[in-house]
file structure_26.pdb (PDB, C-alpha atoms and all ligand atoms)
MODEL        1
ATOM      1  CA  MET A   1       4.411   2.738  39.821  1.00  0.00           C
ATOM      2  CA  THR A   2       1.856   0.036  40.542  1.00  0.00           C
ATOM      3  CA  THR A   3       2.260  -3.565  39.473  1.00  0.00           C
ATOM      4  CA  GLU A   4      -0.727  -3.188  37.194  1.00  0.00           C
ATOM      5  CA  GLN A   5       0.930  -0.384  35.192  1.00  0.00           C
ATOM      6  CA  GLU A   6       4.104  -2.397  34.840  1.00  0.00           C
ATOM      7  CA  THR A   7       2.182  -5.361  33.489  1.00  0.00           C
ATOM      8  CA  GLN A   8       0.343  -3.192  30.980  1.00  0.00           C
ATOM      9  CA  GLN A   9       3.570  -1.684  29.661  1.00  0.00           C
ATOM     10  CA  GLN A  10       5.186  -5.076  29.247  1.00  0.00           C
ATOM     11  CA  GLU A  11       2.201  -6.217  27.259  1.00  0.00           C
ATOM     12  CA  MET A  12       2.253  -3.594  24.512  1.00  0.00           C
ATOM     13  CA  ARG A  13       2.256  -5.680  21.365  1.00  0.00           C
ATOM     14  CA  CYS A  14       2.549  -5.239  17.623  1.00  0.00           C
ATOM     15  CA  ILE A  15      -0.851  -5.009  15.913  1.00  0.00           C
ATOM     16  CA  GLU A  16       0.382  -7.189  13.036  1.00  0.00           C
ATOM     17  CA  GLU A  17       1.926 -10.268  14.630  1.00  0.00           C
ATOM     18  CA  GLY A  18       1.748  -9.647  18.375  1.00  0.00           C
ATOM     19  CA  THR A  19       5.457  -9.205  19.040  1.00  0.00           C
ATOM     20  CA  VAL A  20       6.265  -7.311  22.244  1.00  0.00           C
ATOM     21  CA  LEU A  21       7.196  -3.712  21.407  1.00  0.00           C
ATOM     22  CA  GLU A  22      10.479  -2.153  22.459  1.00  0.00           C
ATOM     23  CA  PRO A  23      11.220   1.470  23.375  1.00  0.00           C
ATOM     24  CA  SER A  24      12.573   3.328  20.355  1.00  0.00           C
ATOM     25  CA  LYS A  25      12.517   6.629  18.494  1.00  0.00           C
ATOM     26  CA  THR A  26      10.535   7.574  15.399  1.00  0.00           C
ATOM     27  CA  SER A  27      11.699  10.738  13.642  1.00  0.00           C
ATOM     28  CA  GLY A  28      13.384  11.662  16.914  1.00  0.00           C
ATOM     29  CA  GLU A  29      10.263  11.200  19.052  1.00  0.00           C
ATOM     30  CA  PRO A  30       9.760   8.456  21.643  1.00  0.00           C
ATOM     31  CA  SER A  31       7.867   5.445  20.336  1.00  0.00           C
ATOM     32  CA  MET A  32       7.416   1.721  20.931  1.00  0.00           C
ATOM     33  CA  ARG A  33       8.751  -0.256  17.997  1.00  0.00           C
ATOM     34  CA  CYS A  34       8.201  -3.823  16.815  1.00  0.00           C
ATOM     35  CA  PRO A  35      11.558  -5.604  16.355  1.00  0.00           C
ATOM     36  CA  VAL A  36      10.032  -7.847  13.660  1.00  0.00           C
ATOM     37  CA  CYS A  37       8.131  -5.536  11.267  1.00  0.00           C
ATOM     38  CA  SER A  38       9.462  -2.144  12.485  1.00  0.00           C
ATOM     39  CA  GLY A  39       5.930  -0.834  12.958  1.00  0.00           C
ATOM     40  CA  ALA A  40       5.729   1.748  15.727  1.00  0.00           C
ATOM     41  CA  TRP A  41       3.278   3.020  18.310  1.00  0.00           C
ATOM     42  CA  LEU A  42       3.352   6.781  18.916  1.00  0.00           C
ATOM     43  CA  THR A  43       1.368   8.619  21.543  1.00  0.00           C
ATOM     44  CA  ASP A  44      -0.838  11.444  20.308  1.00  0.00           C
ATOM     45  CA  GLU A  45       1.743  13.909  21.610  1.00  0.00           C
ATOM     46  CA  ALA A  46       4.697  12.243  19.850  1.00  0.00           C
ATOM     47  CA  PHE A  47       2.705  11.941  16.619  1.00  0.00           C
ATOM     48  CA  HIS A  48       1.966  15.663  16.503  1.00  0.00           C
ATOM     49  CA  ALA A  49       5.577  16.441  17.376  1.00  0.00           C
ATOM     50  CA  VAL A  50       6.609  14.445  14.281  1.00  0.00           C
ATOM     51  CA  GLU A  51       4.120  16.436  12.187  1.00  0.00           C
ATOM     52  CA  ASP A  52       5.399  19.755  13.506  1.00  0.00           C
ATOM     53  CA  LYS A  53       8.902  18.922  12.274  1.00  0.00           C
ATOM     54  CA  SER A  54       7.669  19.364   8.702  1.00  0.00           C
ATOM     55  CA  PHE A  55       4.904  21.860   9.194  1.00  0.00           C
ATOM     56  CA  PRO A  56       4.910  25.098  11.198  1.00  0.00           C
ATOM     57  CA  PRO A  57       2.504  24.666  14.144  1.00  0.00           C
ATOM     58  CA  GLU A  58       0.967  28.076  13.436  1.00  0.00           C
ATOM     59  CA  MET A  59      -0.224  27.043   9.968  1.00  0.00           C
ATOM     60  CA  VAL A  60      -3.567  25.297   9.610  1.00  0.00           C
ATOM     61  CA  LYS A  61      -3.018  21.630   8.852  1.00  0.00           C
ATOM     62  CA  GLY A  62      -6.642  21.013   7.940  1.00  0.00           C
ATOM     63  CA  GLN A  63      -8.582  17.792   8.266  1.00  0.00           C
ATOM     64  CA  MET A  64      -6.459  14.764   9.120  1.00  0.00           C
ATOM     65  CA  ARG A  65      -8.840  11.801   8.989  1.00  0.00           C
ATOM     66  CA  TYR A  66     -10.584  10.811   5.789  1.00  0.00           C
ATOM     67  CA  GLY A  67     -12.741   7.709   5.344  1.00  0.00           C
ATOM     68  CA  GLU A  68     -12.209   6.482   8.889  1.00  0.00           C
ATOM     69  CA  HIS A  69     -13.394   2.930   9.538  1.00  0.00           C
ATOM     70  CA  PRO A  70     -12.839   0.220  12.180  1.00  0.00           C
ATOM     71  CA  THR A  71     -10.260  -2.569  11.763  1.00  0.00           C
ATOM     72  CA  ASP A  72      -9.847  -5.825  13.674  1.00  0.00           C
ATOM     73  CA  HIS A  73      -6.384  -4.879  14.930  1.00  0.00           C
ATOM     74  CA  PRO A  74      -6.231  -4.532  18.724  1.00  0.00           C
ATOM     75  CA  CYS A  75      -4.792  -1.229  19.928  1.00  0.00           C
ATOM     76  CA  PRO A  76      -1.423  -1.846  21.678  1.00  0.00           C
ATOM     77  CA  HIS A  77      -2.523   0.567  24.382  1.00  0.00           C
ATOM     78  CA  CYS A  78      -6.148  -0.252  25.244  1.00  0.00           C
ATOM     79  CA  GLY A  79      -6.774  -3.470  23.301  1.00  0.00           C
ATOM     80  CA  GLU A  80      -9.873  -2.087  21.551  1.00  0.00           C
ATOM     81  CA  HIS A  81     -10.176  -2.290  17.771  1.00  0.00           C
ATOM     82  CA  MET A  82      -8.174   0.405  16.054  1.00  0.00           C
ATOM     83  CA  THR A  83      -9.634   2.618  13.341  1.00  0.00           C
ATOM     84  CA  ARG A  84      -7.959   3.233  10.002  1.00  0.00           C
ATOM     85  CA  PHE A  85      -8.098   6.448   8.005  1.00  0.00           C
ATOM     86  CA  ARG A  86      -6.527   8.089   4.974  1.00  0.00           C
ATOM     87  CA  TYR A  87      -4.044  10.593   6.267  1.00  0.00           C
ATOM     88  CA  ARG A  88      -4.940  14.106   5.087  1.00  0.00           C
ATOM     89  CA  GLY A  89      -6.461  12.758   1.863  1.00  0.00           C
ATOM     90  CA  HIS A  90      -3.144  11.234   0.742  1.00  0.00           C
ATOM     91  CA  GLY A  91      -2.710   7.585  -0.229  1.00  0.00           C
ATOM     92  CA  LEU A  92      -1.221   6.902   3.198  1.00  0.00           C
ATOM     93  CA  GLU A  93      -3.386   4.872   5.598  1.00  0.00           C
ATOM     94  CA  ILE A  94      -2.788   5.134   9.337  1.00  0.00           C
ATOM     95  CA  GLU A  95      -4.328   3.291  12.252  1.00  0.00           C
ATOM     96  CA  ALA A  96      -5.364   5.022  15.444  1.00  0.00           C
ATOM     97  CA  CYS A  97      -6.454   4.140  18.958  1.00  0.00           C
ATOM     98  CA  PRO A  98     -10.261   4.513  19.120  1.00  0.00           C
ATOM     99  CA  ASN A  99      -9.777   6.410  22.384  1.00  0.00           C
ATOM    100  CA  GLY A 100      -7.412   8.959  20.844  1.00  0.00           C
ATOM    101  CA  VAL A 101      -4.369   7.829  22.851  1.00  0.00           C
ATOM    102  CA  GLY A 102      -2.028   7.250  19.920  1.00  0.00           C
ATOM    103  CA  TYR A 103      -1.253   6.046  16.402  1.00  0.00           C
ATOM    104  CA  TRP A 104       0.291   3.040  14.728  1.00  0.00           C
ATOM    105  CA  LEU A 105       2.757   3.678  11.911  1.00  0.00           C
ATOM    106  CA  ASP A 106       3.999   0.914   9.650  1.00  0.00           C
ATOM    107  CA  HIS A 107       7.687   0.935   8.790  1.00  0.00           C
ATOM    108  CA  GLY A 108       8.652   4.180   7.017  1.00  0.00           C
ATOM    109  CA  GLU A 109       5.272   5.853   7.380  1.00  0.00           C
ATOM    110  CA  ASP A 110       6.691   8.679   9.483  1.00  0.00           C
ATOM    111  CA  ARG A 111       8.602   9.712   6.344  1.00  0.00           C
ATOM    112  CA  HIS A 112       5.379   9.641   4.289  1.00  0.00           C
ATOM    113  CA  ILE A 113       3.712  11.877   6.859  1.00  0.00           C
ATOM    114  CA  LYS A 114       6.464  14.426   6.550  1.00  0.00           C
ATOM    115  CA  ASP A 115       6.292  14.312   2.738  1.00  0.00           C
ATOM    116  CA  ALA A 116       2.518  14.810   2.807  1.00  0.00           C
ATOM    117  CA  LEU A 117       2.905  17.831   5.074  1.00  0.00           C
ATOM    118  CA  LYS A 118       5.631  19.337   2.918  1.00  0.00           C
ATOM    119  CA  ASP A 119       3.246  19.090  -0.057  1.00  0.00           C
ATOM    120  CA  ARG A 120       0.563  20.859   1.927  1.00  0.00           C
ATOM    121  CA  ARG A 121       2.934  23.585   3.083  1.00  0.00           C
ATOM    122  CA  ARG A 122       3.980  24.270  -0.510  1.00  0.00           C
ATOM    123  CA  GLY A 123       0.329  24.380  -1.604  1.00  0.00           C
ATOM    124  CA  LEU A 124      -0.567  26.817   1.152  1.00  0.00           C
ATOM    125  CA  SER A 125       2.256  29.258   0.440  1.00  0.00           C
ATOM    126  CA  ARG A 126       1.314  29.222  -3.252  1.00  0.00           C
ATOM    127  CA  SER A 127      -2.328  30.109  -2.547  1.00  0.00           C
ATOM    128  CA  ALA A 128      -1.345  32.712   0.085  1.00  0.00           C
ATOM    129  CA  GLY A 129       0.861  34.390  -2.530  1.00  0.00           C
ATOM    130  CA  ALA A 130      -1.914  34.372  -5.114  1.00  0.00           C
ATOM    131  CA  GLN A 131      -4.327  35.904  -2.629  1.00  0.00           C
ATOM    132  CA  ARG A 132      -1.895  38.678  -1.735  1.00  0.00           C
ATOM    133  CA  ASP A 133      -1.507  39.673  -5.380  1.00  0.00           C
ATOM    134  CA  TRP A 134      -5.231  39.646  -5.902  1.00  0.00           C
ATOM    135  CA  HIS A 135      -5.849  41.965  -2.924  1.00  0.00           C
ATOM    136  CA  ARG A 136      -3.163  44.364  -4.047  1.00  0.00           C
ATOM    137  CA  THR A 137      -4.623  44.608  -7.527  1.00  0.00           C
ATOM    138  CA  ARG A 138      -8.155  45.107  -6.210  1.00  0.00           C
ATOM    139  CA  ARG A 139      -7.302  47.694  -3.584  1.00  0.00           C
ATOM    140  CA  GLY A 140      -5.516  50.398  -5.472  1.00  0.00           C
ATOM    141  CA  GLY A 141      -5.979  49.505  -9.052  1.00  0.00           C
ATOM    142  CA  SER A 142      -2.633  51.268  -9.179  1.00  0.00           C
ATOM    143  CA  VAL A 143      -0.324  48.292  -9.316  1.00  0.00           C
ATOM    144  CA  SER A 144       1.950  48.777 -12.263  1.00  0.00           C
ATOM    145  CA  ILE A 145       2.681  46.077 -14.776  1.00  0.00           C
ATOM    146  CA  MET A 146       6.258  45.958 -13.497  1.00  0.00           C
ATOM    147  CA  ASP A 147       5.116  45.426  -9.892  1.00  0.00           C
ATOM    148  CA  ARG A 148       2.886  42.604 -10.962  1.00  0.00           C
ATOM    149  CA  ILE A 149       5.666  40.967 -12.894  1.00  0.00           C
ATOM    150  CA  LYS A 150       7.967  41.336  -9.902  1.00  0.00           C
ATOM    151  CA  SER A 151       5.401  39.782  -7.583  1.00  0.00           C
ATOM    152  CA  LEU A 152       5.115  36.850  -9.952  1.00  0.00           C
ATOM    153  CA  PHE A 153       8.765  36.162  -9.326  1.00  0.00           C
ATOM    154  CA  GLY A 154       8.329  36.597  -5.580  1.00  0.00           C
ATOM    155  CA  ARG A 155      10.177  39.884  -5.182  1.00  0.00           C
TER     156      ARG A 155
HETATM  157 ZN    ZN B 201       5.366  -6.260  14.083  1.00  0.00          ZN
HETATM  158 ZN    ZN B 202      -6.197   2.394  22.424  1.00  0.00          ZN
ENDMDL
END
call {"tool": "encode", "arguments": {"input": "structure_26.pdb", "output": "structure tokens"}}
result
Amino acid sequence: MTTEQETQQQEMRCIEEGTVLEPSKTSGEPSMRCPVCSGAWLTDEAFHAVEDKSFPPEMVKGQMRYGEHPTDHPCPHCGEHMTRFRYRGHGLEIEACPNGVGYWLDHGEDRHIKDALKDRRRGLSRSAGAQRDWHRTRRGGSVSIMDRIKSLFGR
């Protein structure tokens, strides 16, 4: 490790009040946490690992960034101004490194992310079920009333 890298790591600071961040875990993934406000920096990799805890990786998560705009918060990693966006159209706002290196989560926002993804997963399984029934009805035209009632109850 070069001296330059060491210096850069020591200088990772909170985007809110500039406190030096400390190694920590967020939803079980490695992060750098502010001891004052409990905000946390997650690398892109750690962030997606947190998402995958609540959402099967094989399902389509859809668009993540809505209404993205620049802020005047310096990124803890590169020092450039972070961008802020509405996470997956929910009321939750998250800040990101403009170079795609990682994300900043305020205290408790990892829980909001998981809740938002659980909502989406429920929505997707509902519409997948509806589509299945529709195809079955269209294909044969032979689906009995009883079968349709059963499928309504997920049997
Ligand atoms: Zn802080
Ligand atoms: Zn950055």
call {"tool": "resolve_selection", "arguments": {"input": "structure_26.pdb", "expression": "the PyMOL selection byres (((chain A and resi 45) around 12) and not hetatm)", "output": "list in words"}}
result
Glu29, Pro30, Ser31, Trp41, Leu42, Thr43, Asp44, Ala46, Phe47, His48, Ala49, Val50, Glu51, Asp52, Gly100, Val101, Gly102 and Tyr103 of chain A
call {"tool": "resolve_selection", "arguments": {"input": "structure_26.pdb", "expression": "the PyMOL selection byres (((chain A and resi 66) around 8) and not hetatm)", "output": "list in words"}}
result
Gln63, Met64, Arg65, Gly67, Glu68, Phe85, Arg86, Tyr87, Arg88 and Gly89 of chain A
call {"tool": "resolve_selection", "arguments": {"input": "structure_26.pdb", "expression": "the PyMOL selection byres (((chain A and resi 69) around 12) and not hetatm)", "output": "PyMOL selection string"}}
result
chain A and resi 65-68+70-73+81-86+93-98
call {"tool": "atom_distance", "arguments": {"input": "structure_26.pdb", "atom1": "atom CA of Glu11 of chain A", "atom2": "atom CA of Cys75 of chain A"}}
result
11.3 Å
call {"tool": "residues_near_ligand", "arguments": {"input": "structure_26.pdb", "ligand": "ligand ZN 201 (chain B)", "cutoff": "8 Å", "atoms": "only C-alpha atoms and all ligand atoms", "output": "list in words"}}
result
Arg13, Cys14, Ile15, Glu16, Glu17, Gly18, Thr19, Leu21, Arg33, Cys34, Pro35, Val36, Cys37, Ser38 and Gly39 of chain A
call {"tool": "atom_distance", "arguments": {"input": "structure_26.pdb", "atom1": "atom CA of Lys53 of chain A", "atom2": "atom CA of Asp119 of chain A"}}
result
13.6 Å
call {"tool": "atom_distance", "arguments": {"input": "structure_26.pdb", "atom1": "atom CA of Gly79 of chain A", "atom2": "atom CA of Lys25 of chain A"}}
result
22.3 Å
call {"tool": "axis_aligned_box", "arguments": {"input": "structure_26.pdb", "around": "segment 49-64 of chain A", "padding_each_side": "3 Å", "output": "JSON"}}
result
{"center_x": 0.2, "center_y": 21.3, "center_z": 12.7, "size_x": 23.5, "size_y": 19.6, "size_z": 15.4}
call {"tool": "closest_residue", "arguments": {"input": "structure_26.pdb", "among": "A:Val60, A:Trp104, A:Asp110, A:Arg120", "to": "Gly28 of chain A", "atoms": "only C-alpha atoms"}}
result
A:Asp110
call {"tool": "closest_residue", "arguments": {"input": "structure_26.pdb", "among": "A:Leu117, A:Leu105, A:Val20, A:Leu92", "to": "Pro56 of chain A", "atoms": "all atoms listed in the file"}}
result
A:Leu117
call {"tool": "closest_residue", "arguments": {"input": "structure_26.pdb", "among": "A:Met12, A:Lys61, A:Ala40, A:Ser27", "to": "Lys118 of chain A", "atoms": "all atoms listed in the file"}}
result
A:Lys61
